[in-house]
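**Student:** Handing over work.cif, mmCIF, C-alpha atoms; chains and numbers go by the auth columns.
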```
data_upload
#
loop_
_atom_site.group_PDB
_atom_site.id
_atom_site.type_symbol
_atom_site.label_atom_id
_atom_site.label_comp_id
_atom_site.label_asym_id
_atom_site.label_seq_id
_atom_site.Cartn_x
_atom_site.Cartn_y
_atom_site.Cartn_z
_atom_site.B_iso_or_equiv
_atom_site.auth_seq_id
_atom_site.auth_asym_id
ATOM 1 C CA MET A 1 -22.674 4.127 -12.172 0.00 1 A
ATOM 2 C CA ASN A 2 -19.110 4.743 -13.408 0.00 2 A
ATOM 3 C CA GLU A 3 -16.533 2.234 -12.260 0.00 3 A
ATOM 4 C CA ASP A 4 -14.182 3.583 -9.617 0.00 4 A
ATOM 5 C CA PHE A 5 -10.650 2.688 -10.693 0.00 5 A
ATOM 6 C CA LEU A 6 -7.342 3.177 -8.926 0.00 6 A
ATOM 7 C CA THR A 7 -4.903 4.550 -11.510 0.00 7 A
ATOM 8 C CA ILE A 8 -1.167 4.166 -10.967 0.00 8 A
ATOM 9 C CA ALA A 9 1.387 5.068 -13.632 0.00 9 A
ATOM 10 C CA GLY A 10 -1.373 5.180 -16.235 0.00 10 A
ATOM 11 C CA LYS A 11 -2.777 1.704 -15.500 0.00 11 A
ATOM 12 C CA GLN A 12 -6.224 1.156 -13.990 0.00 12 A
ATOM 13 C CA TYR A 13 -6.961 -1.301 -11.195 0.00 13 A
ATOM 14 C CA ARG A 14 -10.321 -2.331 -9.775 0.00 14 A
ATOM 15 C CA SER A 15 -8.895 -3.313 -6.398 0.00 15 A
ATOM 16 C CA ARG A 16 -7.600 -0.702 -3.976 0.00 16 A
ATOM 17 C CA LEU A 17 -6.117 -3.355 -1.712 0.00 17 A
ATOM 18 C CA LEU A 18 -2.456 -4.122 -2.405 0.00 18 A
ATOM 19 C CA VAL A 19 -0.914 -7.078 -0.612 0.00 19 A
ATOM 20 C CA GLY A 20 2.499 -8.395 0.307 0.00 20 A
ATOM 21 C CA SER A 21 3.781 -11.886 -0.350 0.00 21 A
ATOM 22 C CA GLY A 22 5.890 -12.612 2.732 0.00 22 A
ATOM 23 C CA LYS A 23 5.347 -14.260 6.123 0.00 23 A
ATOM 24 C CA TYR A 24 2.899 -16.911 4.910 0.00 24 A
ATOM 25 C CA ARG A 25 3.204 -20.568 5.876 0.00 25 A
ATOM 26 C CA ASP A 26 3.933 -21.579 2.285 0.00 26 A
ATOM 27 C CA LEU A 27 3.312 -20.557 -1.317 0.00 27 A
ATOM 28 C CA ASP A 28 -0.097 -22.232 -1.373 0.00 28 A
ATOM 29 C CA GLU A 29 -1.288 -20.044 1.496 0.00 29 A
ATOM 30 C CA THR A 30 0.179 -17.004 -0.263 0.00 30 A
ATOM 31 C CA ARG A 31 -1.885 -17.825 -3.353 0.00 31 A
ATOM 32 C CA GLU A 32 -5.102 -18.494 -1.422 0.00 32 A
ATOM 33 C CA ALA A 33 -4.866 -15.296 0.609 0.00 33 A
ATOM 34 C CA THR A 34 -4.113 -13.223 -2.478 0.00 34 A
ATOM 35 C CA LEU A 35 -7.111 -14.709 -4.256 0.00 35 A
ATOM 36 C CA ALA A 36 -9.356 -14.026 -1.247 0.00 36 A
ATOM 37 C CA ALA A 37 -8.177 -10.414 -1.119 0.00 37 A
ATOM 38 C CA GLU A 38 -8.912 -10.021 -4.842 0.00 38 A
ATOM 39 C CA ALA A 39 -5.726 -7.967 -5.020 0.00 39 A
ATOM 40 C CA GLU A 40 -4.245 -7.089 -8.392 0.00 40 A
ATOM 41 C CA ILE A 41 -0.910 -5.667 -7.195 0.00 41 A
ATOM 42 C CA VAL A 42 1.385 -7.876 -5.124 0.00 42 A
ATOM 43 C CA THR A 43 4.579 -6.514 -3.634 0.00 43 A
ATOM 44 C CA VAL A 44 7.663 -8.731 -3.442 0.00 44 A
ATOM 45 C CA ALA A 45 10.783 -8.273 -1.326 0.00 45 A
ATOM 46 C CA ILE A 46 13.492 -8.975 -3.889 0.00 46 A
ATOM 47 C CA ARG A 47 16.076 -9.716 -1.189 0.00 47 A
ATOM 48 C CA ARG A 48 13.878 -12.329 0.490 0.00 48 A
ATOM 49 C CA VAL A 49 11.527 -13.887 -2.055 0.00 49 A
ATOM 50 C CA ASN A 50 12.574 -15.904 -5.089 0.00 50 A
ATOM 51 C CA ILE A 51 11.203 -14.646 -8.404 0.00 51 A
ATOM 52 C CA GLY A 52 13.903 -16.259 -10.500 0.00 52 A
ATOM 53 C CA GLN A 53 17.120 -15.369 -8.685 0.00 53 A
ATOM 54 C CA ASP A 54 17.439 -19.060 -7.732 0.00 54 A
ATOM 55 C CA PRO A 55 16.319 -21.263 -10.647 0.00 55 A
ATOM 56 C CA ASN A 56 16.554 -24.356 -8.445 0.00 56 A
ATOM 57 C CA ALA A 57 14.045 -23.144 -5.818 0.00 57 A
ATOM 58 C CA PRO A 58 10.264 -22.645 -5.998 0.00 58 A
ATOM 59 C CA SER A 59 9.372 -19.240 -7.408 0.00 59 A
ATOM 60 C CA LEU A 60 6.599 -16.948 -6.220 0.00 60 A
ATOM 61 C CA LEU A 61 5.759 -16.394 -9.877 0.00 61 A
ATOM 62 C CA ASP A 62 4.643 -20.027 -10.110 0.00 62 A
ATOM 63 C CA VAL A 63 1.639 -19.243 -7.869 0.00 63 A
ATOM 64 C CA LEU A 64 1.213 -15.525 -8.649 0.00 64 A
ATOM 65 C CA PRO A 65 1.933 -15.253 -12.381 0.00 65 A
ATOM 66 C CA PRO A 66 2.703 -11.795 -13.854 0.00 66 A
ATOM 67 C CA SER A 67 0.085 -12.509 -16.528 0.00 67 A
ATOM 68 C CA ARG A 68 -2.553 -12.169 -13.803 0.00 68 A
ATOM 69 C CA TYR A 69 -0.950 -9.874 -11.216 0.00 69 A
ATOM 70 C CA THR A 70 1.126 -6.717 -11.294 0.00 70 A
ATOM 71 C CA ILE A 71 4.258 -7.741 -9.442 0.00 71 A
ATOM 72 C CA LEU A 72 5.613 -4.816 -7.414 0.00 72 A
ATOM 73 C CA PRO A 73 9.254 -5.435 -6.469 0.00 73 A
ATOM 74 C CA ASN A 74 10.312 -3.641 -3.304 0.00 74 A
ATOM 75 C CA THR A 75 13.542 -2.827 -1.531 0.00 75 A
ATOM 76 C CA ALA A 76 12.736 -4.206 1.930 0.00 76 A
ATOM 77 C CA GLY A 77 15.970 -4.690 3.845 0.00 77 A
ATOM 78 C CA CYS A 78 17.792 -1.771 2.201 0.00 78 A
ATOM 79 C CA TYR A 79 19.267 0.913 4.446 0.00 79 A
ATOM 80 C CA ASN A 80 20.830 3.231 1.886 0.00 80 A
ATOM 81 C CA ALA A 81 20.043 4.629 -1.539 0.00 81 A
ATOM 82 C CA LYS A 82 22.790 2.719 -3.340 0.00 82 A
ATOM 83 C CA ASP A 83 21.511 -0.699 -2.241 0.00 83 A
ATOM 84 C CA ALA A 84 17.908 0.236 -3.011 0.00 84 A
ATOM 85 C CA VAL A 85 18.723 1.391 -6.535 0.00 85 A
ATOM 86 C CA TYR A 86 20.800 -1.720 -7.253 0.00 86 A
ATOM 87 C CA THR A 87 18.031 -4.010 -5.949 0.00 87 A
ATOM 88 C CA LEU A 88 15.407 -2.480 -8.221 0.00 88 A
ATOM 89 C CA GLN A 89 17.709 -2.525 -11.223 0.00 89 A
ATOM 90 C CA MET A 90 18.142 -6.251 -10.596 0.00 90 A
ATOM 91 C CA ALA A 91 14.363 -6.651 -10.311 0.00 91 A
ATOM 92 C CA ARG A 92 13.902 -4.926 -13.651 0.00 92 A
ATOM 93 C CA GLU A 93 16.192 -7.484 -15.248 0.00 93 A
ATOM 94 C CA LEU A 94 14.406 -10.413 -13.592 0.00 94 A
ATOM 95 C CA LEU A 95 10.986 -9.102 -14.682 0.00 95 A
ATOM 96 C CA ASP A 96 11.863 -8.320 -18.299 0.00 96 A
ATOM 97 C CA GLY A 97 12.060 -4.551 -18.059 0.00 97 A
ATOM 98 C CA HIS A 98 9.255 -4.048 -15.517 0.00 98 A
ATOM 99 C CA LYS A 99 9.218 -0.367 -14.441 0.00 99 A
ATOM 100 C CA LEU A 100 6.708 -0.149 -11.555 0.00 100 A
ATOM 101 C CA VAL A 101 8.540 -0.536 -8.242 0.00 101 A
ATOM 102 C CA LYS A 102 8.154 0.171 -4.549 0.00 102 A
ATOM 103 C CA LEU A 103 11.011 2.072 -2.953 0.00 103 A
ATOM 104 C CA GLU A 104 11.651 1.785 0.759 0.00 104 A
ATOM 105 C CA VAL A 105 14.881 2.792 2.449 0.00 105 A
ATOM 106 C CA LEU A 106 14.888 1.996 6.152 0.00 106 A
ATOM 107 C CA GLY A 107 16.505 3.992 8.915 0.00 107 A
ATOM 108 C CA ASP A 108 17.176 1.250 11.452 0.00 108 A
ATOM 109 C CA GLU A 109 16.366 -2.370 12.202 0.00 109 A
ATOM 110 C CA GLN A 110 14.388 -1.612 15.353 0.00 110 A
ATOM 111 C CA THR A 111 11.650 0.691 14.032 0.00 111 A
ATOM 112 C CA LEU A 112 11.966 0.128 10.256 0.00 112 A
ATOM 113 C CA PHE A 113 11.094 3.817 9.987 0.00 113 A
ATOM 114 C CA PRO A 114 11.889 5.346 6.585 0.00 114 A
ATOM 115 C CA HIS A 115 15.264 7.038 6.174 0.00 115 A
ATOM 116 C CA MET A 116 14.004 10.068 4.303 0.00 116 A
ATOM 117 C CA PRO A 117 17.307 11.641 3.104 0.00 117 A
ATOM 118 C CA GLU A 118 18.331 8.316 1.516 0.00 118 A
ATOM 119 C CA THR A 119 14.776 7.773 0.224 0.00 119 A
ATOM 120 C CA LEU A 120 14.828 11.128 -1.568 0.00 120 A
ATOM 121 C CA LYS A 121 18.249 10.377 -3.056 0.00 121 A
ATOM 122 C CA ALA A 122 17.148 6.952 -4.313 0.00 122 A
ATOM 123 C CA ALA A 123 13.862 8.319 -5.686 0.00 123 A
ATOM 124 C CA GLU A 124 15.679 10.937 -7.766 0.00 124 A
ATOM 125 C CA THR A 125 18.029 8.310 -9.227 0.00 125 A
ATOM 126 C CA LEU A 126 15.264 5.821 -10.014 0.00 126 A
ATOM 127 C CA VAL A 127 12.972 8.397 -11.640 0.00 127 A
ATOM 128 C CA ARG A 128 15.856 9.582 -13.834 0.00 128 A
ATOM 129 C CA ASP A 129 16.482 5.942 -14.764 0.00 129 A
ATOM 130 C CA GLY A 130 12.912 5.542 -16.044 0.00 130 A
ATOM 131 C CA PHE A 131 11.297 3.719 -13.121 0.00 131 A
ATOM 132 C CA ASP A 132 7.720 4.357 -11.991 0.00 132 A
ATOM 133 C CA VAL A 133 8.324 4.756 -8.273 0.00 133 A
ATOM 134 C CA MET A 134 5.819 4.119 -5.518 0.00 134 A
ATOM 135 C CA VAL A 135 7.538 5.244 -2.347 0.00 135 A
ATOM 136 C CA TYR A 136 7.264 4.309 1.342 0.00 136 A
ATOM 137 C CA CYS A 137 7.692 7.459 3.401 0.00 137 A
ATOM 138 C CA SER A 138 7.096 9.150 6.725 0.00 138 A
ATOM 139 C CA ASP A 139 3.707 10.762 7.336 0.00 139 A
ATOM 140 C CA ASP A 140 5.266 14.189 6.798 0.00 140 A
ATOM 141 C CA PRO A 141 3.327 16.355 4.314 0.00 141 A
ATOM 142 C CA VAL A 142 6.469 18.268 3.309 0.00 142 A
ATOM 143 C CA GLN A 143 8.425 15.099 2.495 0.00 143 A
ATOM 144 C CA ALA A 144 5.435 13.650 0.624 0.00 144 A
ATOM 145 C CA LYS A 145 5.197 16.780 -1.513 0.00 145 A
ATOM 146 C CA ILE A 146 8.906 16.678 -2.347 0.00 146 A
ATOM 147 C CA LEU A 147 8.558 13.050 -3.477 0.00 147 A
ATOM 148 C CA GLN A 148 5.694 14.049 -5.771 0.00 148 A
ATOM 149 C CA GLU A 149 7.796 16.867 -7.229 0.00 149 A
ATOM 150 C CA ILE A 150 10.655 14.418 -7.873 0.00 150 A
ATOM 151 C CA GLY A 151 8.218 12.412 -10.008 0.00 151 A
ATOM 152 C CA CYS A 152 7.103 9.467 -7.873 0.00 152 A
ATOM 153 C CA VAL A 153 3.842 7.958 -9.128 0.00 153 A
ATOM 154 C CA ALA A 154 2.440 7.278 -5.629 0.00 154 A
ATOM 155 C CA VAL A 155 3.341 8.204 -2.069 0.00 155 A
ATOM 156 C CA MET A 156 2.872 5.610 0.655 0.00 156 A
ATOM 157 C CA PRO A 157 3.063 7.074 4.165 0.00 157 A
ATOM 158 C CA LEU A 158 3.166 4.697 7.099 0.00 158 A
ATOM 159 C CA ALA A 159 0.168 4.592 9.436 0.00 159 A
ATOM 160 C CA SER A 160 2.384 3.174 12.197 0.00 160 A
ATOM 161 C CA LEU A 161 5.491 1.001 12.359 0.00 161 A
ATOM 162 C CA ILE A 162 5.851 -1.844 9.853 0.00 162 A
ATOM 163 C CA GLY A 163 4.343 -5.042 11.207 0.00 163 A
ATOM 164 C CA SER A 164 3.147 -3.363 14.418 0.00 164 A
ATOM 165 C CA GLY A 165 -0.602 -3.638 13.794 0.00 165 A
ATOM 166 C CA MET A 166 -1.052 -0.403 15.758 0.00 166 A
ATOM 167 C CA GLY A 167 -3.370 1.150 13.193 0.00 167 A
ATOM 168 C CA ILE A 168 -3.506 4.791 12.110 0.00 168 A
ATOM 169 C CA LEU A 169 -1.772 6.847 14.792 0.00 169 A
ATOM 170 C CA ASN A 170 -1.875 10.232 13.081 0.00 170 A
ATOM 171 C CA PRO A 171 -4.932 10.686 10.850 0.00 171 A
ATOM 172 C CA TRP A 172 -4.357 14.449 10.730 0.00 172 A
ATOM 173 C CA ASN A 173 -1.017 14.122 8.949 0.00 173 A
ATOM 174 C CA LEU A 174 -2.508 11.641 6.496 0.00 174 A
ATOM 175 C CA SER A 175 -5.315 14.101 5.777 0.00 175 A
ATOM 176 C CA LEU A 176 -2.784 16.864 5.057 0.00 176 A
ATOM 177 C CA ILE A 177 -0.876 14.606 2.663 0.00 177 A
ATOM 178 C CA ILE A 178 -4.094 13.617 0.877 0.00 178 A
ATOM 179 C CA GLU A 179 -5.265 17.234 0.636 0.00 179 A
ATOM 180 C CA GLN A 180 -2.172 18.351 -1.275 0.00 180 A
ATOM 181 C CA ALA A 181 -1.641 15.168 -3.281 0.00 181 A
ATOM 182 C CA SER A 182 -1.397 15.146 -7.065 0.00 182 A
ATOM 183 C CA VAL A 183 -0.656 11.386 -7.137 0.00 183 A
ATOM 184 C CA PRO A 184 -2.332 8.457 -5.359 0.00 184 A
ATOM 185 C CA VAL A 185 -1.790 8.230 -1.594 0.00 185 A
ATOM 186 C CA LEU A 186 -1.756 4.721 -0.133 0.00 186 A
ATOM 187 C CA VAL A 187 -1.311 3.785 3.503 0.00 187 A
ATOM 188 C CA ASP A 188 1.660 1.470 3.825 0.00 188 A
ATOM 189 C CA ALA A 189 2.486 -0.215 7.148 0.00 189 A
ATOM 190 C CA GLY A 190 0.747 -0.452 10.493 0.00 190 A
ATOM 191 C CA VAL A 191 -2.700 -1.776 9.582 0.00 191 A
ATOM 192 C CA GLY A 192 -3.749 -4.463 12.068 0.00 192 A
ATOM 193 C CA THR A 193 -7.375 -5.246 11.362 0.00 193 A
ATOM 194 C CA ALA A 194 -10.238 -4.429 9.028 0.00 194 A
ATOM 195 C CA SER A 195 -11.348 -1.260 10.813 0.00 195 A
ATOM 196 C CA ASP A 196 -7.876 0.263 10.307 0.00 196 A
ATOM 197 C CA ALA A 197 -8.191 -0.237 6.561 0.00 197 A
ATOM 198 C CA THR A 198 -11.676 1.270 6.555 0.00 198 A
ATOM 199 C CA ILE A 199 -10.501 4.355 8.445 0.00 199 A
ATOM 200 C CA ALA A 200 -7.655 4.877 5.971 0.00 200 A
ATOM 201 C CA MET A 201 -10.087 4.772 3.071 0.00 201 A
ATOM 202 C CA GLU A 202 -12.642 7.006 4.823 0.00 202 A
ATOM 203 C CA LEU A 203 -9.892 9.612 5.239 0.00 203 A
ATOM 204 C CA GLY A 204 -9.559 9.659 1.454 0.00 204 A
ATOM 205 C CA CYS A 205 -6.591 7.389 0.855 0.00 205 A
ATOM 206 C CA ASP A 206 -6.568 5.901 -2.620 0.00 206 A
ATOM 207 C CA GLY A 207 -5.606 2.465 -1.375 0.00 207 A
ATOM 208 C CA VAL A 208 -3.987 0.394 1.349 0.00 208 A
ATOM 209 C CA LEU A 209 -0.997 -1.925 1.188 0.00 209 A
ATOM 210 C CA MET A 210 -0.630 -4.618 3.830 0.00 210 A
ATOM 211 C CA ASN A 211 1.113 -7.897 4.500 0.00 211 A
ATOM 212 C CA THR A 212 1.490 -8.770 8.185 0.00 212 A
ATOM 213 C CA ALA A 213 -2.121 -7.908 9.027 0.00 213 A
ATOM 214 C CA ILE A 214 -3.215 -10.744 6.750 0.00 214 A
ATOM 215 C CA ALA A 215 -0.322 -13.196 6.979 0.00 215 A
ATOM 216 C CA ALA A 216 -0.082 -13.061 10.792 0.00 216 A
ATOM 217 C CA ALA A 217 -3.821 -13.478 11.383 0.00 217 A
ATOM 218 C CA ARG A 218 -5.054 -16.723 12.903 0.00 218 A
ATOM 219 C CA GLU A 219 -6.856 -17.411 9.611 0.00 219 A
ATOM 220 C CA PRO A 220 -5.031 -15.476 6.880 0.00 220 A
ATOM 221 C CA VAL A 221 -7.441 -16.320 4.057 0.00 221 A
ATOM 222 C CA ARG A 222 -10.454 -15.188 6.077 0.00 222 A
ATOM 223 C CA MET A 223 -8.641 -11.998 7.098 0.00 223 A
ATOM 224 C CA ALA A 224 -7.815 -11.339 3.451 0.00 224 A
ATOM 225 C CA ARG A 225 -11.534 -11.433 2.633 0.00 225 A
ATOM 226 C CA ALA A 226 -12.247 -9.107 5.564 0.00 226 A
ATOM 227 C CA MET A 227 -9.639 -6.624 4.359 0.00 227 A
ATOM 228 C CA LYS A 228 -11.084 -6.637 0.849 0.00 228 A
ATOM 229 C CA LEU A 229 -14.517 -5.758 2.221 0.00 229 A
ATOM 230 C CA ALA A 230 -13.085 -3.170 4.629 0.00 230 A
ATOM 231 C CA VAL A 231 -11.304 -1.299 1.848 0.00 231 A
ATOM 232 C CA GLN A 232 -14.430 -1.386 -0.300 0.00 232 A
ATOM 233 C CA ALA A 233 -16.639 -0.145 2.558 0.00 233 A
ATOM 234 C CA GLY A 234 -14.257 2.669 3.439 0.00 234 A
ATOM 235 C CA ARG A 235 -14.063 3.821 -0.156 0.00 235 A
ATOM 236 C CA GLU A 236 -17.842 3.810 -0.534 0.00 236 A
ATOM 237 C CA ALA A 237 -18.249 5.784 2.698 0.00 237 A
ATOM 238 C CA TYR A 238 -15.679 8.342 1.543 0.00 238 A
ATOM 239 C CA LEU A 239 -17.410 8.796 -1.813 0.00 239 A
ATOM 240 C CA ALA A 240 -20.849 8.984 -0.158 0.00 240 A
ATOM 241 C CA GLY A 241 -19.732 11.737 2.218 0.00 241 A
ATOM 242 C CA ARG A 242 -20.335 11.292 5.923 0.00 242 A
ATOM 243 C CA MET A 243 -22.873 13.356 7.839 0.00 243 A
ATOM 244 C CA PRO A 244 -21.424 16.331 9.740 0.00 244 A
ATOM 245 C CA LYS A 245 -20.578 15.854 13.392 0.00 245 A
ATOM 246 C CA ARG A 246 -22.758 17.834 15.783 0.00 246 A
ATOM 247 C CA PHE A 247 -22.521 18.781 19.443 0.00 247 A
ATOM 248 C CA ALA A 248 -26.255 18.246 19.967 0.00 248 A
ATOM 249 C CA ALA A 249 -28.734 15.463 19.307 0.00 249 A
ATOM 250 C CA SER A 250 -30.617 15.456 16.030 0.00 250 A
ATOM 251 C CA PRO A 251 -33.692 13.160 16.067 0.00 251 A
ATOM 252 C CA SER A 252 -34.134 10.749 13.186 0.00 252 A
ATOM 253 C CA SER A 253 -37.844 11.602 13.150 0.00 253 A
ATOM 254 C CA PRO A 254 -38.393 15.397 12.771 0.00 254 A
ATOM 255 C CA ARG A 255 -40.999 17.243 14.825 0.00 255 A
ATOM 256 C CA GLU A 256 -42.538 18.781 11.741 0.00 256 A
ATOM 257 C CA GLY A 257 -45.371 16.888 10.102 0.00 257 A
ATOM 258 C CA ARG A 258 -46.209 14.684 13.086 0.00 258 A
ATOM 259 C CA ILE A 259 -49.610 12.994 13.179 0.00 259 A
ATOM 260 C CA THR A 260 -51.711 14.504 15.993 0.00 260 A
#
```
Show the structure stored in the file as structure tokens.
**Tutor:**
Amino acid sequence: MNEDFLTIAGKQYRSRLLVGSGKYRDLDETREATLAAEAEIVTVAIRRVNIGQDPNAPSLLDVLPPSRYTILPNTAGCYNAKDAVYTLQMARELLDGHKLVKLEVLGDEQTLFPHMPETLKAAETLVRDGFDVMVYCSDDPVQAKILQEIGCVAVMPLASLIGSGMGILNPWNLSLIIEQASVPVLVDAGVGTASDATIAMELGCDGVLMNTAIAAAREPVRMARAMKLAVQAGREAYLAGRMPKRFAASPSSPREGRIT
């Protein structure tokens, strides 16, 4: 059987589970949870996590080395395009010219919902500047299509509010985004437990990114393992193709050919 890779910006990944690096008790727990998830892409909030900005403090890269993981700098905490672009330009310097980034421009501190006009503006600037942009966005098929046309390498609609754990509130919009997609679609934000991740994958998402669902669990390392398995199960179910739903019973044992 052919291996089923996730391809982003021309690079292949075996894991379709992307994880964050914040909210853990310490760097050791961050490392253990990431290992348990078997994630290959780890997103890092440049404004909150040290990856070299402070040479006198412990660095995330000491426990999650770029030689083993694709570090995905993100713009968490940015509320306008100018700040987001500057943050990722700084990340590129810190990571020796690294081009793959996650853009998120937030609308307000209460909902952390994406500010789409500023997101579009930042995406255009970053793509022109040579970045490979994975972009956090609303679950609006029109906005997702515009981001693809700008040149983003992946669109990442929220399932529900960041850190809410409310799961997938609008599967129909996600399905519309997936149906028209020419780049990978990954659910970003709102996953609370393993079944949420499975549903996202069964819908046809190419992957899932999560942080709080793992880091805020009672046992983060165990939850990381559960999420790995959930993403794998959902992907397998999607590829297998579910049986059609019916409005009548259909017996497992057919009437034809019975022994009489």
**Student:** I'd like the contact shell of A:Val63 - 7 Å cut-off, all atoms listed in the file, skipping same-chain residues fewer than 3 positions apart - returned as an MDAnalysis selection string.
**Tutor:** chainID A and resid 27 31 60
**Student:** Residue by residue, what does the PyMOL selection byres ((chain A and resi 211-224) around 8) grab here? Present the result as a PyMOL selection string.
**Tutor:** chain A and resi 19-24+29+32-34+36-37+163+165+191-194+209-210+225-228
**Student:** Evaluate the PyMOL selection byres ((chain A and resi 44) around 8) here and jot the selected residues down as a list in words.
**Tutor:**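 That expression, the PyMOL selection byres ((chain A and resi 44) around 8), corresponds here to Gly20, Ser21, Gly22, Val42, Thr43, Ala45, Ile46, Val49, Ile71, Leu72, Pro73 and Asn74 of chain A.
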**Student:** Hey, can you check how far atom CA of A:Pro157 sits from atom CA of A:Glu38?
**Tutor:** 22.7 Å
**Student:** List the neighbours of stretch 235-250 of chain A out to 9 Å using all atoms listed in the file; skip same-chain residues closer than 6 positions along the sequence, and give me the result as a PyMOL selection string.
**Tutor:** chain A and resi 16+198+200-207
**Student:** Just how far from atom CA of A:Asn173 is atom CA of A:Gln143, in Å to one decimal?
**Tutor:** 11.5 Å
**Student:** State, in Å with one decimal place, the distance from atom CA of A:Ala197 to atom CA of A:Met166.
**Tutor:**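 About the pair atom CA of A:Ala197 and atom CA of A:Met166: they are 11.6 Å apart.
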**Student:** Report as a PDB file with C-alpha atoms, in the frame of the given file the full result of the PyMOL selection byres ((chain A and resi 188) around 10) when it is applied to this structure.
**Tutor:**
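Writing done, so here's out-v6.pdb:
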```
ATOM      1  CA  LEU A  18      -2.456  -4.122  -2.405  1.00  0.00           C
ATOM      2  CA  VAL A  19      -0.914  -7.078  -0.612  1.00  0.00           C
ATOM      3  CA  VAL A 135       7.538   5.244  -2.347  1.00  0.00           C
ATOM      4  CA  TYR A 136       7.264   4.309   1.342  1.00  0.00           C
ATOM      5  CA  CYS A 137       7.692   7.459   3.401  1.00  0.00           C
ATOM      6  CA  SER A 138       7.096   9.150   6.725  1.00  0.00           C
ATOM      7  CA  VAL A 155       3.341   8.204  -2.069  1.00  0.00           C
ATOM      8  CA  MET A 156       2.872   5.610   0.655  1.00  0.00           C
ATOM      9  CA  PRO A 157       3.063   7.074   4.165  1.00  0.00           C
ATOM     10  CA  LEU A 158       3.166   4.697   7.099  1.00  0.00           C
ATOM     11  CA  ALA A 159       0.168   4.592   9.436  1.00  0.00           C
ATOM     12  CA  SER A 160       2.384   3.174  12.197  1.00  0.00           C
ATOM     13  CA  LEU A 161       5.491   1.001  12.359  1.00  0.00           C
ATOM     14  CA  ILE A 162       5.851  -1.844   9.853  1.00  0.00           C
ATOM     15  CA  VAL A 185      -1.790   8.230  -1.594  1.00  0.00           C
ATOM     16  CA  LEU A 186      -1.756   4.721  -0.133  1.00  0.00           C
ATOM     17  CA  VAL A 187      -1.311   3.785   3.503  1.00  0.00           C
ATOM     18  CA  ALA A 189       2.486  -0.215   7.148  1.00  0.00           C
ATOM     19  CA  GLY A 190       0.747  -0.452  10.493  1.00  0.00           C
ATOM     20  CA  VAL A 191      -2.700  -1.776   9.582  1.00  0.00           C
ATOM     21  CA  GLY A 207      -5.606   2.465  -1.375  1.00  0.00           C
ATOM     22  CA  VAL A 208      -3.987   0.394   1.349  1.00  0.00           C
ATOM     23  CA  LEU A 209      -0.997  -1.925   1.188  1.00  0.00           C
ATOM     24  CA  MET A 210      -0.630  -4.618   3.830  1.00  0.00           C
ATOM     25  CA  ASN A 211       1.113  -7.897   4.500  1.00  0.00           C
TER      26      ASN A 211
END
```
